[in-house]
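What follows is a set of notes on a single structure, which appears directly below.
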Amino acid sequence: MNILLIGSGGREHALAYALSKSPLCSRLFTAPGNPGTQRHGENRPDLAVTDHAAVRAFCEQNGVGLVVVGPEAPLVAGLVDDLSAAGIRAFGPTRAAAQLEGSKGFTKDLCAEYGIPTAAFARFRALEPALAYLREKGAPIVVKADGLAAGKGVTVAETADQAEAAIRALFAEPGTEIVIEECMTGEEASFFALCDGTRAIAIGTAQDHKRVFDGDRGPNTGGMGAYSPATIVTPAIARTVMDTIIAPTLRGMRARGMPFTGILYAGLMLTEAGPKLIEYNTRFGDPEAQVLMPRLASDLVPALLSACDGDLSGVSLEFDEHRAALTVVMAAAGYPGTVVRGSTIRGVAEAEASDAVFVFQAGTRSEGDKLLADGGRVLAVTALGDSVMEAQARAYAAIARIDWPEGFCRRDIGRRAVAREVAGGGI
Ligand code: AMP
Ligand code: GLY
């Protein structure tokens, strides 16, 4: 069958790699795609993914039997609804179900109704009640914009003054809704479940590194690196997450008449009182997909088709439990602020000389045989290993072969997992 993948980031390059390996995949199109996805199929930058009628027509003309949506924006815009209504299988949640990512308030209300462990919270539409709540609770406290804000709508405030400034800044925009919540402490982990509306199967864990600088300093980003599995999520914790977080979420979404199909990506805080939900995303993570896909031991396509058809019973999606993967994001200088585009990247082929290394491309473009930087996060240099430590060493050795003076990366991706391995835990 022919497959259409939507998106253009490092996540989509990793998905293109996994989808194109499937014996079921005849042709893979990626819209718009990037020079990395082009290596696994055919990019279609001419297809406007915001024009759902055009996407539908493309699928009909090109015999597309499965559409896989990478990023959140097309989900929230209802691409899956419109394709499904036309009888085209599209993997991902409907617009209504994507509210789990698109509206923090929606998710918090669902948690409250179904007893899903999460930070205590309150929702506000006006400044004064929000400030009164802040005075009552004090700091530390967390202030969030309700809608999609690409990770930038969250302030973890150490002081009441910081919280107040964040609240005032958010309400400076008309029509704002905010969530104020308890500040949880613990280690964070990302947990992924493949869902068919009724059932969920756990498909892996990862740890992301959101801050831009070593030692988790500086502003939040889309993610500067990740590794998988997140060994801190023990099998017992994973069962607790499935039972107390994922399963009641699916029940609640069905009860609301918006069954969830797709990838449920739970951002977890592993607190002393057990795992708690920080937030949901309704798609694969970026850069988490870049560490999950290289560890995938099964064919991804039948699992996605079964999820679309609402029947994951009998499906297993196996990941190589004995191999760790680690990815280091190379970003353009200035990221997550303004970056300069157009600098030349050399050495990708040299970095990929080993079978255990994958250089997933994100913000790149090609010009003749040159590869140019064309965004904030530019490359995700990924390596496999028998331990996180080995994967880390390989990833940084690969980075040393990349010649791109205008780029930078964190030097400490996987630090916590490596410390745990040194202290005696394996993967
Ligand atoms: P979010 O966009 O909701 O994932 O939040 C971004 C980051 O803010 C998370 O990865 C956490 O590091 C932090 N964060 C969000 N909510 C909380 C909370 N309730 N307590 C502590 N940290 C939080
Ligand atoms: N790595 C964070 C995200 O994909 O949202």
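Every chain in the structure tokens takes a letter, A first, then B, and so on in the order presented; its residues are numbered from 1, and the ligands are numbered from 1 following the presented order.
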Just want the 12 Å neighbourhood of Pro74 of chain A, counted on only C-alpha atoms, with same-chain residues fewer than 2 positions away dropped. Output as a PyMOL selection string. chain A and resi 5-7+31+48-52+55+67-72+76-83+90-95+98+102+282-283
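Residues of protein or nucleic acid lying within 7 Å of ligand 2, counting only C-alpha atoms and all ligand atoms, are A:Asp208, A:Gly222, A:Gly223, A:Asn281, A:Phe284, A:Gly285, A:Asp286, A:Pro287, A:Glu288.
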Please produce an output containing N, CA and C atoms for each residue in the selection, written as a PDB file, in the first residue's frame.
ATOM      1  N   ASP A 208      13.384  12.846  27.950  1.00  0.00           N
ATOM      2  CA  ASP A 208      13.680  13.988  27.099  1.00  0.00           C
ATOM      3  C   ASP A 208      14.572  14.949  27.903  1.00  0.00           C
ATOM      4  N   GLY A 222      11.947  22.484  22.412  1.00  0.00           N
ATOM      5  CA  GLY A 222      11.167  21.321  21.990  1.00  0.00           C
ATOM      6  C   GLY A 222      11.799  20.011  22.437  1.00  0.00           C
ATOM      7  N   GLY A 223      13.050  20.048  22.867  1.00  0.00           N
ATOM      8  CA  GLY A 223      13.762  18.832  23.297  1.00  0.00           C
ATOM      9  C   GLY A 223      15.151  18.808  22.675  1.00  0.00           C
ATOM     10  N   ASN A 281       0.509  14.481  25.278  1.00  0.00           N
ATOM     11  CA  ASN A 281       0.600  14.838  23.879  1.00  0.00           C
ATOM     12  C   ASN A 281      -0.099  13.713  23.123  1.00  0.00           C
ATOM     13  N   PHE A 284       3.579  11.046  18.492  1.00  0.00           N
ATOM     14  CA  PHE A 284       4.928  10.672  18.911  1.00  0.00           C
ATOM     15  C   PHE A 284       5.688  11.925  19.338  1.00  0.00           C
ATOM     16  N   GLY A 285       6.620  11.762  20.243  1.00  0.00           N
ATOM     17  CA  GLY A 285       7.444  12.894  20.674  1.00  0.00           C
ATOM     18  C   GLY A 285       8.540  13.188  19.665  1.00  0.00           C
ATOM     19  N   ASP A 286       9.035  14.390  19.743  1.00  0.00           N
ATOM     20  CA  ASP A 286      10.189  14.798  18.953  1.00  0.00           C
ATOM     21  C   ASP A 286      11.143  15.440  19.938  1.00  0.00           C
ATOM     22  N   PRO A 287      12.243  14.853  20.336  1.00  0.00           N
ATOM     23  CA  PRO A 287      13.000  13.793  19.668  1.00  0.00           C
ATOM     24  C   PRO A 287      12.761  12.366  20.177  1.00  0.00           C
ATOM     25  N   GLU A 288      11.677  12.084  20.904  1.00  0.00           N
ATOM     26  CA  GLU A 288      11.530  10.722  21.418  1.00  0.00           C
ATOM     27  C   GLU A 288      11.337   9.689  20.306  1.00  0.00           C
TER      28      GLU A 288
END
Would you please give, as a count of residues only, all residues of segment 114-207 of chain A that DSSP assigns to helix (DSSP H, G or I) based on the backbone? 24
All residues within 7 Å of ligand 1 are required, counting only C-alpha atoms and all ligand atoms; please report them as a short mmCIF file (atom, residue, chain, number, x, y, z; two decimals) with all heavy atoms, in the first residue's frame.
data_model
loop_
_atom_site.label_atom_id
_atom_site.label_comp_id
_atom_site.auth_asym_id
_atom_site.auth_seq_id
_atom_site.Cartn_x
_atom_site.Cartn_y
_atom_site.Cartn_z
N ALA A 119 -1.18 16.86 39.13
CA ALA A 119 -1.02 17.96 40.08
C ALA A 119 -2.39 18.59 40.38
O ALA A 119 -3.21 18.74 39.47
CB ALA A 119 -0.10 19.01 39.47
N VAL A 142 2.89 26.39 39.46
CA VAL A 142 3.09 26.31 38.01
C VAL A 142 1.93 27.01 37.30
O VAL A 142 0.76 26.78 37.64
CB VAL A 142 3.20 24.83 37.56
CG1 VAL A 142 3.41 24.74 36.06
CG2 VAL A 142 4.34 24.14 38.30
N GLY A 151 5.33 24.40 24.19
CA GLY A 151 6.18 24.29 25.37
C GLY A 151 6.51 25.63 26.00
O GLY A 151 7.15 25.69 27.05
N GLY A 153 4.29 27.98 26.97
CA GLY A 153 3.24 28.55 27.80
C GLY A 153 3.31 28.13 29.25
O GLY A 153 2.36 28.36 29.99
N VAL A 154 4.43 27.52 29.68
CA VAL A 154 4.50 26.99 31.05
C VAL A 154 5.56 27.74 31.86
O VAL A 154 6.69 27.90 31.40
CB VAL A 154 4.87 25.49 31.03
CG1 VAL A 154 5.05 24.95 32.43
CG2 VAL A 154 3.81 24.70 30.28
N THR A 155 5.19 28.22 33.05
CA THR A 155 6.17 28.82 33.96
C THR A 155 6.16 28.04 35.26
O THR A 155 5.13 27.94 35.92
CB THR A 155 5.81 30.29 34.27
OG1 THR A 155 5.73 31.00 33.04
CG2 THR A 155 6.85 30.94 35.17
N VAL A 156 7.30 27.46 35.60
CA VAL A 156 7.44 26.82 36.90
C VAL A 156 8.02 27.91 37.81
O VAL A 156 9.21 28.23 37.73
CB VAL A 156 8.37 25.59 36.82
CG1 VAL A 156 8.52 24.93 38.18
CG2 VAL A 156 7.84 24.59 35.80
N GLU A 181 -1.29 25.24 38.75
CA GLU A 181 -1.24 23.93 39.40
C GLU A 181 -0.10 23.78 40.37
O GLU A 181 0.90 24.51 40.34
CB GLU A 181 -1.27 22.79 38.38
CG GLU A 181 -0.15 22.81 37.37
CD GLU A 181 -0.28 21.69 36.35
OE1 GLU A 181 -1.36 21.53 35.74
OE2 GLU A 181 0.72 20.99 36.16
N GLU A 182 -0.27 22.82 41.22
CA GLU A 182 0.71 22.43 42.23
C GLU A 182 2.03 22.09 41.53
O GLU A 182 2.03 21.49 40.46
CB GLU A 182 0.14 21.17 42.92
CG GLU A 182 1.07 20.38 43.77
CD GLU A 182 0.57 18.92 43.91
OE1 GLU A 182 -0.48 18.55 43.33
OE2 GLU A 182 1.24 18.17 44.59
N CYS A 183 3.13 22.46 42.14
CA CYS A 183 4.45 22.14 41.59
C CYS A 183 4.85 20.75 42.10
O CYS A 183 5.02 20.56 43.30
CB CYS A 183 5.47 23.19 42.01
SG CYS A 183 7.04 22.97 41.20
N MET A 184 4.96 19.79 41.20
CA MET A 184 5.34 18.44 41.60
C MET A 184 6.86 18.30 41.55
O MET A 184 7.52 18.99 40.76
CB MET A 184 4.71 17.42 40.65
CG MET A 184 3.20 17.49 40.59
SD MET A 184 2.48 16.18 39.58
CE MET A 184 2.90 16.71 37.92
N THR A 185 7.39 17.38 42.35
CA THR A 185 8.83 17.15 42.27
C THR A 185 9.07 15.66 42.00
O THR A 185 8.30 14.81 42.43
CB THR A 185 9.58 17.55 43.55
OG1 THR A 185 8.90 16.97 44.65
CG2 THR A 185 9.64 19.04 43.72
N LYS A 210 14.65 18.90 28.11
CA LYS A 210 13.93 20.04 27.54
C LYS A 210 14.73 21.34 27.54
O LYS A 210 14.53 22.19 26.68
CB LYS A 210 12.62 20.27 28.31
CG LYS A 210 11.59 19.21 28.01
CD LYS A 210 10.18 19.69 28.29
CE LYS A 210 9.15 18.81 27.63
NZ LYS A 210 8.48 17.87 28.48
N GLY A 267 3.43 12.67 29.56
CA GLY A 267 4.57 13.25 30.25
C GLY A 267 4.35 12.98 31.73
O GLY A 267 3.35 13.42 32.29
N ILE A 278 1.84 14.85 34.03
CA ILE A 278 2.10 16.29 33.87
C ILE A 278 1.21 16.80 32.74
O ILE A 278 0.50 17.79 32.88
CB ILE A 278 3.58 16.58 33.53
CG1 ILE A 278 4.52 16.06 34.60
CG2 ILE A 278 3.78 18.09 33.32
CD1 ILE A 278 5.99 16.19 34.23
N GLU A 279 1.27 16.11 31.62
CA GLU A 279 0.46 16.54 30.47
C GLU A 279 0.43 15.41 29.47
O GLU A 279 1.24 14.49 29.51
CB GLU A 279 1.07 17.77 29.80
CG GLU A 279 2.44 17.48 29.23
CD GLU A 279 2.85 18.39 28.10
OE1 GLU A 279 2.11 19.33 27.77
OE2 GLU A 279 3.91 18.13 27.51
#
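Remark: for Gly138 of chain A, the closest of the candidate residues A:Leu270, A:Ile180, A:Phe171, A:Glu406 is A:Ile180 (distances computed over only C-alpha atoms).
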Can you work out the spacing between atom CA of Asn220 of chain A and atom CA of Met293 of chain A in Å, to one decimal? 24.2 Å
So that I can see what lies close to Phe319 of chain A, please list as a ChimeraX atom specification the residues with an atom at most 8 Å from it, counting only C-alpha atoms and leaving out residues fewer than 4 positions away in the same chain. /A:203-204,292,295-298
With distances taken over only C-alpha atoms, which residue among A:Arg217, A:Arg377, A:Lys108, A:Arg89 lies nearest Gly363 of chain A? A:Arg377
Rounded to one decimal in Å, what is the spacing between atom CA of Ala255 of chain A and atom CA of Gly87 of chain A? 24.3 Å
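Residues in contact with Arg168 of chain A at 10 Å, where only C-alpha atoms are counted and same-chain residues fewer than 3 positions away are skipped, are listed as Ala126, Leu127, Glu128, Ala130, Leu131, Gln162, Ala163, Glu164, Ala165, Phe171, Ala172 and Glu173 of chain A.
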Can you tell me, as a list in words, what residues are no more than 8 Å from segment 58-62 of chain A when counting only C-alpha atoms, ignoring any on the same chain fewer than 6 positions away? Asn2, Leu4, Leu47 and Ile88 of chain A
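Compared by their closest atoms to Ala97 of chain A, and using only C-alpha atoms, the residues A:Gly63, A:Gly257, A:Pro174, A:Pro219 rank with A:Gly257 nearest.
Put simply, atom CA of Arg239 of chain A is 20.7 Å away from atom CA of Ala307 of chain A.
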Could you pull out the strand (DSSP E or B) residues of segment 277-405 of chain A from DSSP and send them as a PyMOL selection string? chain A and resi 277-281+296+319+324-332+344-346+357-361+364-367+370-373+377-385+403
Under the rule that only C-alpha atoms are counted, which of A:Leu317, A:Val388, A:Leu110, A:Met1 is the nearest residue to Ala419 of chain A? A:Val388
Got a sec: who's within 7 Å of segment 343-359 of chain A, counting only C-alpha atoms, leaving out chain neighbours fewer than 5 positions off, as a ChimeraX atom specification? /A:370-373,379-384,398-399,401-404,406
Give me a file of those residues, with N, CA, C and O atoms, as a compact mmCIF listing (two decimals), in the first residue's frame.
# COMPACT_ATOMS: atom_id res chain seq x y z
N LYS A 370 24.64 20.08 -1.47
CA LYS A 370 24.95 20.63 -0.15
C LYS A 370 23.77 20.45 0.78
O LYS A 370 22.61 20.55 0.37
N LEU A 371 24.06 20.23 2.06
CA LEU A 371 23.02 20.19 3.08
C LEU A 371 23.12 21.47 3.92
O LEU A 371 24.20 21.78 4.45
N LEU A 372 22.02 22.21 4.00
CA LEU A 372 22.04 23.49 4.71
C LEU A 372 21.12 23.45 5.93
O LEU A 372 20.09 22.78 5.91
N ALA A 373 21.51 24.20 6.96
CA ALA A 373 20.66 24.32 8.15
C ALA A 373 19.49 25.22 7.79
O ALA A 373 19.65 26.25 7.13
N LEU A 379 19.53 18.64 13.43
CA LEU A 379 19.82 17.20 13.30
C LEU A 379 19.53 16.52 14.63
O LEU A 379 19.67 17.14 15.70
N ALA A 380 19.15 15.25 14.58
CA ALA A 380 19.07 14.44 15.80
C ALA A 380 20.00 13.25 15.56
O ALA A 380 19.68 12.36 14.78
N VAL A 381 21.16 13.30 16.19
CA VAL A 381 22.18 12.28 15.96
C VAL A 381 21.95 11.15 16.97
O VAL A 381 22.09 11.33 18.17
N THR A 382 21.54 9.99 16.43
CA THR A 382 21.03 8.90 17.26
C THR A 382 21.96 7.70 17.16
O THR A 382 22.44 7.38 16.07
N ALA A 383 22.18 7.03 18.28
CA ALA A 383 22.97 5.80 18.23
C ALA A 383 22.33 4.73 19.10
O ALA A 383 21.68 5.04 20.10
N LEU A 384 22.53 3.48 18.70
CA LEU A 384 22.10 2.34 19.50
C LEU A 384 23.30 1.81 20.27
O LEU A 384 24.45 1.98 19.86
N ALA A 398 29.77 10.20 16.75
CA ALA A 398 29.20 10.56 15.45
C ALA A 398 29.15 12.08 15.30
O ALA A 398 29.46 12.63 14.23
N ILE A 399 28.79 12.75 16.39
CA ILE A 399 28.72 14.22 16.35
C ILE A 399 30.09 14.82 16.04
O ILE A 399 30.21 15.82 15.32
N ARG A 401 32.13 13.83 14.05
CA ARG A 401 32.40 13.75 12.61
C ARG A 401 31.60 14.78 11.82
O ARG A 401 31.78 14.90 10.61
N ILE A 402 30.66 15.42 12.47
CA ILE A 402 29.84 16.41 11.76
C ILE A 402 30.51 17.77 11.84
O ILE A 402 30.86 18.23 12.93
N ASP A 403 30.67 18.35 10.68
CA ASP A 403 31.38 19.62 10.58
C ASP A 403 30.34 20.71 10.34
O ASP A 403 29.86 20.88 9.21
N TRP A 404 29.95 21.35 11.41
CA TRP A 404 28.91 22.41 11.31
C TRP A 404 29.17 23.43 12.42
O TRP A 404 28.57 23.37 13.49
N GLU A 406 28.32 26.34 12.94
CA GLU A 406 27.21 27.21 13.37
C GLU A 406 26.22 26.48 14.29
O GLU A 406 25.24 27.08 14.74
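Of the residues listed (A:Pro35, A:Gly225, A:Pro405, A:Pro235), A:Gly225 shows the shortest atom-to-atom separation from Phe213 of chain A; distances use only C-alpha atoms.
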Applying 12 Å and only C-alpha atoms, which residues near Ser387 of chain A remain after dropping the ones on its own chain fewer than 5 positions away? List them as a VMD selection string. chain A and resid 227 to 231 320 to 326 392 to 394 414 417 to 422 424 to 427
